[in-house]
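Coordinates from run.txt are shown below (compact mmCIF, C-alpha atoms).
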# COMPACT_ATOMS: atom_id res chain seq x y z
CA MET Q 1 0.00 0.00 0.00
CA LYS Q 2 2.88 2.36 0.82
CA LYS Q 3 4.31 1.92 -2.71
CA LEU Q 4 0.90 2.54 -4.25
CA ILE Q 5 0.49 5.74 -2.25
CA GLU Q 6 3.97 6.87 -3.42
CA LYS Q 7 2.86 6.36 -7.01
CA ALA Q 8 -0.25 8.46 -6.35
CA ASN Q 9 1.91 11.21 -4.81
CA ILE Q 10 4.10 11.28 -7.93
CA LEU Q 11 1.01 11.91 -10.04
CA ILE Q 12 -0.21 14.60 -7.64
CA GLU Q 13 3.22 16.32 -7.80
CA ALA Q 14 2.80 16.52 -11.59
CA LEU Q 15 -0.73 17.95 -11.37
CA PRO Q 16 0.18 21.69 -11.25
CA TYR Q 17 2.42 21.26 -14.32
CA ILE Q 18 -0.26 19.32 -16.22
CA ARG Q 19 -2.79 22.05 -15.41
CA ASN Q 20 -0.42 24.89 -16.41
CA PHE Q 21 0.69 23.28 -19.66
CA TYR Q 22 -2.67 21.96 -20.88
CA GLY Q 23 -3.25 23.12 -24.47
CA LYS Q 24 0.30 24.54 -24.80
CA THR Q 25 2.81 23.68 -27.56
CA PHE Q 26 6.22 22.14 -26.77
CA VAL Q 27 8.80 21.95 -29.58
CA ILE Q 28 11.29 19.14 -28.95
CA LYS Q 29 14.58 18.74 -30.86
CA TYR Q 30 15.25 14.99 -30.94
CA GLY Q 31 18.81 13.83 -31.50
CA GLY Q 32 21.92 12.23 -29.99
CA ALA Q 33 21.86 8.93 -28.10
CA ALA Q 34 18.08 9.18 -27.62
CA GLN Q 35 17.75 8.79 -31.38
CA VAL Q 36 20.11 5.80 -31.60
CA GLU Q 37 19.70 3.47 -28.58
CA ASP Q 38 16.58 1.28 -28.67
CA ASP Q 39 15.57 1.65 -25.00
CA LEU Q 40 15.96 5.45 -25.19
CA LYS Q 41 13.97 5.56 -28.44
CA ASP Q 42 11.11 3.79 -26.68
CA SER Q 43 11.19 6.01 -23.59
CA PHE Q 44 11.23 9.13 -25.81
CA ALA Q 45 8.22 7.92 -27.80
CA GLN Q 46 6.34 7.04 -24.60
CA ASP Q 47 7.05 10.51 -23.17
CA VAL Q 48 5.79 12.20 -26.34
CA VAL Q 49 2.60 10.12 -26.42
CA LEU Q 50 1.95 10.82 -22.73
CA LEU Q 51 2.36 14.58 -23.32
CA SER Q 52 -0.14 14.37 -26.17
CA PHE Q 53 -2.74 12.44 -24.14
CA ILE Q 54 -2.67 14.90 -21.22
CA GLY Q 55 -3.39 17.84 -23.52
CA ILE Q 56 0.09 19.15 -24.39
CA LYS Q 57 0.85 19.62 -28.10
CA PRO Q 58 4.31 18.19 -28.89
CA VAL Q 59 6.08 19.09 -32.15
CA ILE Q 60 9.22 17.07 -32.94
CA VAL Q 61 12.19 18.30 -35.00
CA HIS Q 62 14.91 15.69 -35.59
CA GLY Q 63 18.47 15.61 -36.83
CA GLY Q 64 20.41 12.66 -38.23
CA GLY Q 65 24.02 13.64 -38.97
CA PRO Q 66 25.68 10.31 -38.06
CA LYS Q 67 23.21 8.31 -40.18
CA ILE Q 68 23.79 10.66 -43.14
CA SER Q 69 27.58 10.23 -42.83
CA ALA Q 70 27.27 6.42 -42.56
CA THR Q 71 24.99 6.27 -45.62
CA MET Q 72 27.34 8.52 -47.62
CA LYS Q 73 30.27 6.20 -46.85
CA LYS Q 74 28.25 3.15 -47.89
CA MET Q 75 27.61 4.91 -51.21
CA GLY Q 76 31.33 5.64 -51.64
CA LYS Q 77 31.15 9.35 -50.78
CA GLU Q 78 33.35 10.77 -48.02
CA PRO Q 79 31.66 13.40 -45.77
CA THR Q 80 33.44 16.77 -45.60
CA PHE Q 81 32.93 19.44 -42.95
CA ILE Q 82 33.96 23.11 -42.84
CA HIS Q 83 33.44 25.00 -39.55
CA GLY Q 84 31.27 22.12 -38.35
CA GLN Q 85 28.97 22.38 -41.39
CA ARG Q 86 28.53 19.48 -43.82
CA VAL Q 87 29.64 20.44 -47.34
CA THR Q 88 26.50 19.59 -49.31
CA ASP Q 89 26.67 19.25 -53.09
CA LYS Q 90 23.64 18.08 -55.11
CA GLU Q 91 24.48 14.38 -54.71
CA THR Q 92 24.97 14.80 -50.95
CA MET Q 93 21.68 16.71 -50.71
CA ASP Q 94 19.89 13.77 -52.36
CA ILE Q 95 21.35 11.48 -49.67
CA VAL Q 96 20.40 13.97 -46.92
CA GLU Q 97 16.79 14.07 -48.15
CA MET Q 98 16.64 10.29 -48.45
CA VAL Q 99 18.01 9.72 -44.92
CA LEU Q 100 16.30 12.58 -43.06
CA GLY Q 101 12.96 12.74 -44.88
CA GLY Q 102 12.75 9.00 -45.51
CA LEU Q 103 14.55 6.59 -43.18
CA ILE Q 104 14.78 8.63 -39.96
CA ASN Q 105 11.54 10.60 -40.19
CA LYS Q 106 9.41 7.56 -40.89
CA GLU Q 107 11.12 5.52 -38.17
CA ILE Q 108 10.25 8.20 -35.57
CA VAL Q 109 6.66 8.41 -36.85
CA ALA Q 110 6.28 4.62 -36.64
CA LEU Q 111 7.81 4.55 -33.15
CA ILE Q 112 5.39 7.17 -31.76
CA ASN Q 113 2.44 5.48 -33.46
CA SER Q 114 3.45 2.08 -32.05
CA HIS Q 115 2.98 3.53 -28.55
CA GLY Q 116 -0.53 4.78 -29.33
CA GLY Q 117 0.26 8.26 -30.64
CA LYS Q 118 -0.84 9.87 -33.91
CA ALA Q 119 2.32 11.16 -35.60
CA ALA Q 120 2.68 12.58 -39.12
CA GLY Q 121 6.02 13.09 -40.89
CA LEU Q 122 6.95 16.30 -42.70
CA SER Q 123 9.92 18.04 -44.22
CA GLY Q 124 10.24 21.80 -44.54
CA LYS Q 125 9.10 21.41 -48.15
CA ASP Q 126 5.60 20.30 -47.13
CA GLY Q 127 3.01 23.08 -47.18
CA GLY Q 128 5.75 25.68 -47.57
CA LEU Q 129 6.68 25.02 -43.92
CA ILE Q 130 10.34 26.16 -43.99
CA LYS Q 131 11.49 28.79 -46.46
CA ALA Q 132 15.27 28.88 -46.55
CA LYS Q 133 18.19 30.72 -48.11
CA LYS Q 134 21.75 29.65 -48.78
CA LYS Q 135 24.05 29.95 -45.77
CA VAL Q 136 27.14 32.07 -46.33
CA ILE Q 137 30.32 31.40 -44.33
CA LYS Q 138 32.89 34.18 -44.24
CA LYS Q 139 36.52 33.73 -43.25
CA ALA Q 140 39.06 36.47 -42.55
CA THR Q 141 42.14 36.33 -44.80
CA ASP Q 142 45.72 37.27 -43.96
CA THR Q 143 45.22 40.59 -45.77
CA GLY Q 144 42.29 41.50 -43.53
CA ASP Q 145 39.70 40.93 -46.25
CA GLU Q 146 36.81 38.45 -46.02
CA GLU Q 147 36.74 35.28 -48.07
CA ILE Q 148 33.38 33.63 -48.75
CA ILE Q 149 33.46 29.82 -48.41
CA ASP Q 150 30.90 27.92 -50.48
CA ILE Q 151 29.57 24.87 -48.59
CA GLY Q 152 26.88 24.07 -51.16
CA LEU Q 153 23.23 23.46 -50.35
CA VAL Q 154 23.44 24.34 -46.65
CA GLY Q 155 20.73 26.75 -45.65
CA GLU Q 156 19.40 28.90 -42.88
CA VAL Q 157 15.78 29.52 -42.01
CA GLU Q 158 14.26 32.59 -43.62
CA LEU Q 159 10.63 32.00 -42.65
CA VAL Q 160 8.47 29.33 -40.99
CA ASP Q 161 4.83 29.17 -42.11
CA PRO Q 162 3.08 27.19 -39.34
CA GLU Q 163 -0.24 26.73 -41.16
CA ILE Q 164 0.29 23.01 -41.85
CA LEU Q 165 1.42 22.44 -38.24
CA ASN Q 166 -1.69 24.19 -36.90
CA SER Q 167 -3.89 22.00 -39.12
CA LEU Q 168 -2.21 18.81 -37.88
CA GLU Q 169 -2.40 19.91 -34.23
CA ARG Q 170 -6.11 20.74 -34.55
CA ASP Q 171 -6.73 17.15 -35.66
CA GLY Q 172 -4.67 15.69 -32.81
CA PHE Q 173 -1.58 14.75 -34.86
CA ILE Q 174 2.00 15.04 -33.59
CA PRO Q 175 4.13 16.67 -36.35
CA VAL Q 176 7.59 15.14 -36.88
CA ILE Q 177 9.75 17.51 -38.95
CA SER Q 178 12.99 16.81 -40.83
CA PRO Q 179 15.21 19.93 -41.08
CA ILE Q 180 15.10 20.47 -44.83
CA GLY Q 181 14.11 23.88 -46.17
CA VAL Q 182 13.08 25.03 -49.62
CA GLY Q 183 14.64 27.95 -51.48
CA SER Q 184 13.01 30.56 -53.73
CA LYS Q 185 13.68 28.40 -56.83
CA GLY Q 186 12.37 25.20 -55.23
CA GLU Q 187 15.83 23.90 -54.33
CA ALA Q 188 16.29 21.90 -51.11
CA PHE Q 189 18.60 23.09 -48.32
CA ASN Q 190 20.12 21.11 -45.45
CA ILE Q 191 19.65 23.11 -42.21
CA ASN Q 192 20.95 22.67 -38.66
CA ALA Q 193 18.14 20.96 -36.72
CA ASP Q 194 18.69 23.08 -33.57
CA TYR Q 195 18.05 26.26 -35.57
CA VAL Q 196 14.99 24.73 -37.28
CA ALA Q 197 13.55 23.74 -33.89
CA SER Q 198 14.16 27.28 -32.63
CA ALA Q 199 12.47 28.88 -35.66
CA VAL Q 200 9.49 26.49 -35.46
CA ALA Q 201 9.09 27.20 -31.73
CA SER Q 202 9.15 30.95 -32.42
CA ALA Q 203 6.59 30.69 -35.24
CA LEU Q 204 4.24 28.67 -33.00
CA LYS Q 205 4.89 30.93 -29.96
CA ALA Q 206 5.56 27.69 -28.10
CA GLU Q 207 5.50 27.42 -24.33
CA LYS Q 208 8.80 25.51 -24.38
CA LEU Q 209 11.69 24.59 -26.67
CA ILE Q 210 13.47 21.47 -25.41
CA LEU Q 211 16.76 20.30 -26.95
CA LEU Q 212 17.84 16.71 -26.23
CA THR Q 213 21.65 16.39 -26.10
CA ASP Q 214 24.35 13.95 -25.01
CA VAL Q 215 25.51 16.11 -22.08
CA PRO Q 216 23.89 16.77 -18.67
CA GLY Q 217 23.33 20.46 -19.53
CA ILE Q 218 25.35 23.67 -19.61
CA LYS Q 219 28.30 23.48 -17.23
CA ASP Q 220 30.14 26.28 -15.41
CA LYS Q 221 33.92 26.69 -15.18
CA ASN Q 222 34.00 24.17 -12.32
CA ASP Q 223 32.22 21.52 -14.42
CA ASN Q 224 28.97 21.81 -12.44
CA VAL Q 225 25.66 21.74 -14.30
CA ILE Q 226 23.90 25.11 -14.23
CA SER Q 227 20.25 24.50 -13.38
CA SER Q 228 18.91 27.85 -14.60
CA VAL Q 229 20.44 30.79 -16.46
CA ASN Q 230 19.11 33.89 -18.24
CA LYS Q 231 20.19 35.43 -21.55
CA LYS Q 232 22.60 37.82 -19.83
CA GLY Q 233 24.25 34.89 -18.05
CA ILE Q 234 24.52 33.01 -21.37
CA LYS Q 235 26.34 35.94 -23.00
CA LYS Q 236 28.84 35.94 -20.14
CA LEU Q 237 29.40 32.16 -20.47
CA ILE Q 238 30.03 32.56 -24.22
CA ASP Q 239 32.34 35.56 -23.78
CA GLU Q 240 34.49 33.74 -21.22
CA GLY Q 241 34.64 30.61 -23.42
CA THR Q 242 32.74 28.34 -21.02
CA VAL Q 243 30.12 27.70 -23.72
CA SER Q 244 31.79 26.74 -27.00
CA GLY Q 245 31.97 24.02 -29.67
CA GLY Q 246 28.86 21.91 -30.17
CA MET Q 247 27.03 23.59 -27.28
CA LEU Q 248 27.19 27.00 -29.00
CA PRO Q 249 24.52 26.38 -31.69
CA LYS Q 250 22.23 24.86 -29.05
CA VAL Q 251 22.55 27.88 -26.78
CA GLN Q 252 22.09 30.25 -29.74
CA ALA Q 253 18.97 28.30 -30.76
CA CYS Q 254 17.58 28.79 -27.25
CA THR Q 255 18.27 32.54 -27.09
CA ARG Q 256 16.80 33.06 -30.58
CA ALA Q 257 13.65 31.21 -29.49
CA LEU Q 258 13.33 33.40 -26.40
CA ASP Q 259 13.70 36.50 -28.61
CA GLY Q 260 10.98 35.00 -30.85
CA GLY Q 261 8.43 34.77 -28.03
CA VAL Q 262 9.03 31.26 -26.60
CA LYS Q 263 8.41 31.29 -22.83
CA LYS Q 264 11.21 28.99 -21.69
CA THR Q 265 13.94 26.82 -23.24
CA HIS Q 266 15.67 23.70 -21.92
CA ILE Q 267 18.83 21.74 -22.71
CA VAL Q 268 18.30 18.20 -21.42
CA ASP Q 269 20.38 15.00 -21.26
CA GLY Q 270 18.67 12.64 -23.71
CA ARG Q 271 20.70 9.69 -22.37
CA ILE Q 272 18.44 9.57 -19.29
CA PRO Q 273 15.30 7.45 -19.79
CA HIS Q 274 12.10 9.56 -19.65
CA CYS Q 275 14.18 12.75 -19.54
CA LEU Q 276 11.25 14.80 -20.92
CA LEU Q 277 8.93 13.82 -18.06
CA LEU Q 278 11.66 14.43 -15.47
CA GLU Q 279 12.39 17.90 -16.82
CA ILE Q 280 8.79 19.00 -17.36
CA PHE Q 281 6.90 17.49 -14.43
CA THR Q 282 9.34 17.72 -11.51
CA LYS Q 283 10.33 20.79 -9.51
CA GLU Q 284 14.06 19.98 -9.69
CA GLY Q 285 14.30 19.17 -13.42
CA ILE Q 286 17.41 17.46 -14.80
CA GLY Q 287 19.03 19.81 -17.32
CA THR Q 288 19.59 23.53 -17.83
CA GLU Q 289 16.72 25.92 -18.37
CA ILE Q 290 17.43 29.17 -20.22
CA VAL Q 291 14.98 31.97 -19.54
CA GLY Q 292 14.47 35.45 -20.97
Now that the file is in, can you turn its structure into structure tokens?
Amino acid sequence: MKKLIEKANILIEALPYIRNFYGKTFVIKYGGAAQVEDDLKDSFAQDVVLLSFIGIKPVIVHGGGPKISATMKKMGKEPTFIHGQRVTDKETMDIVEMVLGGLINKEIVALINSHGGKAAGLSGKDGGLIKAKKKVIKKATDTGDEEIIDIGLVGEVELVDPEILNSLERDGFIPVISPIGVGSKGEAFNINADYVASAVASALKAEKLILLTDVPGIKDKNDNVISSVNKKGIKKLIDEGTVSGGMLPKVQACTRALDGGVKKTHIVDGRIPHCLLLEIFTKEGIGTEIVG
């Protein structure tokens, strides 16, 4: 009986959060170990379905870099990166679309549906969801001039039109979005999934943007996880070099989302089973929240 009462108390602890978040939109960037390991895939799908059934509207944006690289190698094409960005020629873009929009997207949709959810897969091409433009990388030369580096069909978000997402949400579907945008001439662009998630969250005026990562959260100089930090604190962490490398685009995605009207953003360790429920429905949380 004691164990049963403890279970009831856990549900009661979650009640204020369920009440506050009912009818709100959460945009979740799904990637890292949670997208690779079978037990974590299942716990992620269960979390998403639970959110949906208690009245929260989840929207999933996924990446898939490792799978793209592995598929390229199988097809005899060596992946190349400049400043952390995949050099994407036409042939590579075809592989990106096949892997992201086909293999990975449909696997996530099937996984959510297998746990009783109603997921629908999209790319940024569908319904004019993500309008994109070519990303330009500039590099300073020895003479002090700027050299433009062409990395091919890599894009950045110009505009998100949420009409198709609103239609799906009204009918109780969970949108699952691959980060491919469409240019003014109909060309496809490969876009960083963190930035797509941020732009989608801003367009939907989401309650939360949650990024799943393979780290416990943002750490300070002493290697301790920072539970909560505001935009001013983030700028300081970047300026002093504490936030750098792969964490930088995630933090930038969060601050952009806050500027775009998202209430709160979170960087969460996707290697922990049911990390979404632990972050959303407990007072302590498990990652780093970034607030405005």
One number please: atom CA of Ile210 of chain Q to atom CA of Asp171 of chain Q, in Å, one decimal. 23.1 Å
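When only C-alpha atoms are used to compute distances to Val49 of chain Q, the closest of the residues Q:His115, Q:Lys2, Q:Lys219, Q:Lys139 turns out to be Q:His115.
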Shell around Ala257 of chain Q at 10 Å using only C-alpha atoms, local window under 6 positions removed, as a PyMOL selection string: chain Q and resi 195+197-203+205-206+208-209+251+263-265+292
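The gap separating atom CA of Asp150 of chain Q from atom CA of Pro66 of chain Q is 22.2 Å, in Å to one decimal.
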Quick one: everything within 10 Å of segment 101-108 of chain Q, counting only C-alpha atoms, minus sequence neighbours fewer than 5 positions away in the same chain. Send it as a PyMOL selection string. chain Q and resi 30+35+41-42+44-45+60-64+67-68+95-96+113-114+119-124+176-180
Using all atoms listed in the file, determine which residues lie at most 8 Å from segment 232-237 of chain Q, disregarding the query and same-chain residues fewer than 5 positions distant; provide the list as a PyMOL selection string. chain Q and resi 220+242-243+251
